[in-house]
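S.K.: Please read through the structure below; I'll follow up with questions.
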Amino acid sequence: MKKSALLLFITTILTGFNANAQVSSDLGTWSSIQMNKLFGKAFAMVRLEHRSFEHIGATECYFAMAGAGYKFNTWLSGDLSYEFWKIPSANNVTTHKAVASLTGTLTRDALAVSLREKYELAFNAEGGAPSGTLRSRLRTQYKFPRVPLTPYIMFEFFNGFNGTGWIRSLHYIGTEIRISNHSTFDLFYMYHLFNKADNAYACNILGIGYLLTL
């Protein structure tokens with residue numbers, strides 16, 4: 001059962017790759033650092049992230065996030081956060097985002113499958129109507145006993161409102177590396193496919209993240 005579910009998920013991702021093999025592509029990086037502070041079932045979090053593109057030659061955007069959440073039970077958690085974005089690739093525009101998400105996780109032995117639904121409401125600092133985006137993320141990971149590696153595959157779909165439909169999708173394969181009970185690195189490759197003026201466009205992303213949990 002586990003192998004079948006994992007194979008189905010991998011096939012879904014690879015099918016997406018093959019269906020869009022003809023698109024033009026770029027290379028970029030995503031680098032982040034995040035700190036989580038636990039208060040029993042509640043938690044607070046802050047994050048800084050930088051993203052490059054144009055074959056790692058320019059900054060696409062960078063943002064800061066602060067938020068808080070709560071673990072309702074063993075399988076369901078939710079959080080609220082604020083994000084401040086600066087986007088040099090879009091005329092250096094400043095964007096503010098209000099974000100709410102719910103994450104459900106099912107585990108069996110060392111295998112975990114989670115589904116996260118996230119809603120973002122973005123406000124452009126230069127004015128205009130706010131825009132909403134619904135992000136659906138499916139993640140499958142496996143934790144090896146006595147090995148500090150947790151490999152995963154993940155797919156995230158962005159859907160706009162007001163008739164905009166599909167915006168972009170993210171296809172990940174990576175691993176978390178546990179340094180200690182408090183420190184974790186995240187290394188991944190991600191295929192970023194998005195709609196640009198009604199034409200598909202892609203970016204190959206190499207990512208590294210660091211998580212500190214207190």
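Each chain of the structure tokens is named A, B, ... in the order shown, its residues numbered from 1; ligands are numbered from 1 in display order.
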Which neighbours of Leu193 (chain A) fall inside 8 Å, counting only C-alpha atoms, when residues of the same chain fewer than 6 positions from it are skipped, and could you give them as a PDB file with all heavy atoms, in the first residue's frame?
M.R.:
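Result file selection.pdb:
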ATOM      1  N   ARG A 168       0.463  28.732 -11.067  1.00  0.00           N
ATOM      2  CA  ARG A 168       1.740  28.028 -11.156  1.00  0.00           C
ATOM      3  C   ARG A 168       1.705  26.784 -10.292  1.00  0.00           C
ATOM      4  O   ARG A 168       0.782  26.593  -9.497  1.00  0.00           O
ATOM      5  CB  ARG A 168       2.900  28.934 -10.725  1.00  0.00           C
ATOM      6  CG  ARG A 168       2.795  29.504  -9.329  1.00  0.00           C
ATOM      7  CD  ARG A 168       3.792  30.646  -9.134  1.00  0.00           C
ATOM      8  NE  ARG A 168       3.667  31.301  -7.846  1.00  0.00           N
ATOM      9  CZ  ARG A 168       4.525  31.168  -6.838  1.00  0.00           C
ATOM     10  NH1 ARG A 168       5.576  30.372  -6.965  1.00  0.00           N
ATOM     11  NH2 ARG A 168       4.364  31.829  -5.716  1.00  0.00           N
ATOM     12  N   SER A 169       2.701  25.924 -10.455  1.00  0.00           N
ATOM     13  CA  SER A 169       2.813  24.727  -9.623  1.00  0.00           C
ATOM     14  C   SER A 169       4.280  24.450  -9.320  1.00  0.00           C
ATOM     15  O   SER A 169       5.168  24.780 -10.116  1.00  0.00           O
ATOM     16  CB  SER A 169       2.168  23.518 -10.302  1.00  0.00           C
ATOM     17  OG  SER A 169       2.750  23.278 -11.568  1.00  0.00           O
ATOM     18  N   LEU A 170       4.520  23.855  -8.164  1.00  0.00           N
ATOM     19  CA  LEU A 170       5.862  23.537  -7.696  1.00  0.00           C
ATOM     20  C   LEU A 170       5.981  22.027  -7.527  1.00  0.00           C
ATOM     21  O   LEU A 170       5.130  21.398  -6.906  1.00  0.00           O
ATOM     22  CB  LEU A 170       6.137  24.232  -6.349  1.00  0.00           C
ATOM     23  CG  LEU A 170       5.795  25.718  -6.242  1.00  0.00           C
ATOM     24  CD1 LEU A 170       6.085  26.220  -4.834  1.00  0.00           C
ATOM     25  CD2 LEU A 170       6.567  26.526  -7.271  1.00  0.00           C
ATOM     26  N   ALA A 200       3.376  28.601 -21.031  1.00  0.00           N
ATOM     27  CA  ALA A 200       4.033  27.947 -19.903  1.00  0.00           C
ATOM     28  C   ALA A 200       5.503  28.332 -19.862  1.00  0.00           C
ATOM     29  O   ALA A 200       6.171  28.430 -20.886  1.00  0.00           O
ATOM     30  CB  ALA A 200       3.879  26.428 -20.015  1.00  0.00           C
ATOM     31  N   TYR A 201       5.990  28.559 -18.660  1.00  0.00           N
ATOM     32  CA  TYR A 201       7.387  28.938 -18.460  1.00  0.00           C
ATOM     33  C   TYR A 201       7.873  28.206 -17.215  1.00  0.00           C
ATOM     34  O   TYR A 201       7.114  28.009 -16.268  1.00  0.00           O
ATOM     35  CB  TYR A 201       7.489  30.451 -18.262  1.00  0.00           C
ATOM     36  CG  TYR A 201       8.896  30.975 -18.096  1.00  0.00           C
ATOM     37  CD1 TYR A 201       9.721  31.160 -19.197  1.00  0.00           C
ATOM     38  CD2 TYR A 201       9.393  31.268 -16.830  1.00  0.00           C
ATOM     39  CE1 TYR A 201      11.019  31.640 -19.040  1.00  0.00           C
ATOM     40  CE2 TYR A 201      10.687  31.753 -16.677  1.00  0.00           C
ATOM     41  CZ  TYR A 201      11.491  31.937 -17.781  1.00  0.00           C
ATOM     42  OH  TYR A 201      12.768  32.410 -17.619  1.00  0.00           O
ATOM     43  N   ALA A 202       9.132  27.787 -17.197  1.00  0.00           N
ATOM     44  CA  ALA A 202       9.613  26.954 -16.099  1.00  0.00           C
ATOM     45  C   ALA A 202      10.932  27.472 -15.552  1.00  0.00           C
ATOM     46  O   ALA A 202      11.695  28.137 -16.243  1.00  0.00           O
ATOM     47  CB  ALA A 202       9.788  25.508 -16.562  1.00  0.00           C
ATOM     48  N   CYS A 203      11.177  27.134 -14.298  1.00  0.00           N
ATOM     49  CA  CYS A 203      12.443  27.473 -13.665  1.00  0.00           C
ATOM     50  C   CYS A 203      12.885  26.283 -12.827  1.00  0.00           C
ATOM     51  O   CYS A 203      12.093  25.718 -12.066  1.00  0.00           O
ATOM     52  CB  CYS A 203      12.283  28.710 -12.777  1.00  0.00           C
ATOM     53  SG  CYS A 203      13.858  29.369 -12.172  1.00  0.00           S
TER      54      CYS A 203
END
S.K.: Excluding region 44-57 of chain A and any residue of its chain fewer than 2 positions from it, enumerate the residues within 8 Å of it, using only C-alpha atoms, and give them as a ChimeraX atom specification.
M.R.: /A:26-38,42,59-69,203
S.K.: Rounded to one decimal place, report the CA of Tyr172 (chain A)-CA of Phe155 (chain A) distance in Å.
M.R.: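 Spanning CA of Tyr172 (chain A) to CA of Phe155 (chain A) is a straight-line distance of 6.2 Å.
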S.K.: Find the spatial neighbours of region 109-113 of chain A, counting only C-alpha atoms, within a cut-off of 9 Å - ignore same-chain residues fewer than 5 positions away - and output them as a compact mmCIF listing (two decimals) with all heavy atoms, in the first residue's frame.
M.R.:
# COMPACT_ATOMS: atom_id res chain seq x y z
N LYS A 2 1.89 1.25 0.85
CA LYS A 2 2.78 2.39 0.92
C LYS A 2 3.49 2.60 -0.41
O LYS A 2 3.57 3.71 -0.93
CB LYS A 2 3.82 2.21 2.03
CG LYS A 2 3.25 2.17 3.44
CD LYS A 2 4.37 1.93 4.41
CE LYS A 2 3.86 1.76 5.83
NZ LYS A 2 4.95 1.45 6.77
N GLY A 104 -3.21 18.94 7.46
CA GLY A 104 -3.58 17.63 8.00
C GLY A 104 -2.51 16.61 7.65
O GLY A 104 -2.05 16.58 6.50
N LEU A 138 0.57 18.85 -1.39
CA LEU A 138 0.60 17.45 -0.98
C LEU A 138 2.05 17.02 -0.79
O LEU A 138 2.88 17.25 -1.68
CB LEU A 138 -0.07 16.57 -2.03
CG LEU A 138 -0.13 15.07 -1.74
CD1 LEU A 138 -0.99 14.80 -0.50
CD2 LEU A 138 -0.68 14.31 -2.95
N ARG A 139 2.35 16.43 0.36
CA ARG A 139 3.74 16.07 0.69
C ARG A 139 3.77 14.64 1.23
O ARG A 139 2.95 14.26 2.08
CB ARG A 139 4.30 17.04 1.73
CG ARG A 139 5.70 16.70 2.24
CD ARG A 139 6.11 17.69 3.31
NE ARG A 139 7.35 17.33 3.97
CZ ARG A 139 8.48 18.03 3.89
NH1 ARG A 139 8.52 19.14 3.18
NH2 ARG A 139 9.56 17.65 4.54
N THR A 140 4.72 13.86 0.73
CA THR A 140 4.96 12.50 1.23
C THR A 140 6.41 12.40 1.67
O THR A 140 7.31 12.79 0.91
CB THR A 140 4.69 11.45 0.15
OG1 THR A 140 3.33 11.54 -0.27
CG2 THR A 140 4.95 10.05 0.67
N GLN A 141 6.65 11.90 2.89
CA GLN A 141 8.02 11.79 3.37
C GLN A 141 8.21 10.50 4.16
O GLN A 141 7.24 9.91 4.66
CB GLN A 141 8.39 12.99 4.23
CG GLN A 141 7.55 13.14 5.50
CD GLN A 141 7.87 14.42 6.24
OE1 GLN A 141 7.81 15.50 5.66
NE2 GLN A 141 8.22 14.30 7.51
N TYR A 142 9.47 10.08 4.26
CA TYR A 142 9.80 8.84 4.95
C TYR A 142 10.98 9.10 5.89
O TYR A 142 12.01 9.63 5.46
CB TYR A 142 10.16 7.74 3.96
CG TYR A 142 10.31 6.38 4.59
CD1 TYR A 142 9.21 5.56 4.77
CD2 TYR A 142 11.56 5.92 5.04
CE1 TYR A 142 9.33 4.31 5.37
CE2 TYR A 142 11.69 4.69 5.64
CZ TYR A 142 10.58 3.89 5.80
OH TYR A 142 10.70 2.66 6.41
N LYS A 143 10.80 8.73 7.14
CA LYS A 143 11.84 8.95 8.15
C LYS A 143 12.55 7.63 8.44
O LYS A 143 11.96 6.70 8.99
CB LYS A 143 11.21 9.51 9.43
CG LYS A 143 12.22 9.89 10.49
CD LYS A 143 11.53 10.53 11.69
CE LYS A 143 12.54 10.94 12.76
NZ LYS A 143 11.86 11.59 13.92
N PHE A 144 13.83 7.56 8.08
CA PHE A 144 14.61 6.35 8.31
C PHE A 144 15.00 6.24 9.79
O PHE A 144 15.43 7.23 10.39
CB PHE A 144 15.88 6.35 7.46
CG PHE A 144 15.62 6.18 6.00
CD1 PHE A 144 15.65 7.27 5.14
CD2 PHE A 144 15.37 4.92 5.48
CE1 PHE A 144 15.42 7.11 3.79
CE2 PHE A 144 15.14 4.75 4.12
CZ PHE A 144 15.17 5.85 3.27
N PRO A 145 14.87 5.07 10.37
CA PRO A 145 15.31 4.90 11.76
C PRO A 145 16.82 4.98 11.88
O PRO A 145 17.55 4.44 11.04
CB PRO A 145 14.79 3.50 12.12
CG PRO A 145 14.65 2.79 10.82
CD PRO A 145 14.28 3.85 9.81
S.K.: Got a sec: who's within 9 Å of Thr105 (chain A), counting only C-alpha atoms, leaving out chain neighbours fewer than 6 positions off, as a list in words?
M.R.: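 My reading of the contact set: Thr74, Trp75, Leu76, Ser77, Ala112, Val113, Ser114, Leu115 and Arg116 of chain A.
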S.K.: Could you name the residues that touch Tyr70 (chain A) at 7 Å or less, counting only C-alpha atoms, but leaving out those on the same chain fewer than 2 positions away, as an MDAnalysis selection string?
M.R.: chainID A and resid 41:43 72 77:79
S.K.: Would you mind writing down, as a list in words, each residue of region 11-203 of chain A that DSSP on the backbone assigns to alpha helix (DSSP H)?
M.R.: Thr11, Thr12, Ile13, Leu14, Thr15, Gly16, Phe17, Asn18 and Ala19 of chain A
S.K.: Using backbone DSSP assignments, extract all strand (DSSP E or B) residues from region 10-198 of chain A; output them as a VMD selection string.
M.R.: chain A and resid 24 to 39 42 to 53 58 to 71 76 to 87 93 to 108 111 to 124 131 to 142 149 to 160 165 to 178 183 to 196
S.K.: Find the residues near Ala125 (chain A): any atom within 6 Å, counting only C-alpha atoms, skip ones fewer than 2 places away on the same chain, and give them as a ChimeraX atom specification.
M.R.: /A:94-95,127
S.K.: Using only C-alpha atoms, can you tell me which of A:Thr107, A:Asn204, A:Ser81, A:Ser101 comes closest to Met190 (chain A)?
M.R.: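 Going through A:Thr107, A:Asn204, A:Ser81, A:Ser101 one by one, the smallest distance to Met190 (chain A) is for A:Asn204.
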S.K.: Measuring between only C-alpha atoms, which one of A:Asn92, A:Asn124, A:Ser131, A:Thr213 shows the shortest distance to His182 (chain A)?
M.R.: A:Thr213
S.K.: CA of His96 (chain A) and CA of Tyr119 (chain A), how far apart in Å?
M.R.: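 Distance reported for this atom pair: 13.6 Å.
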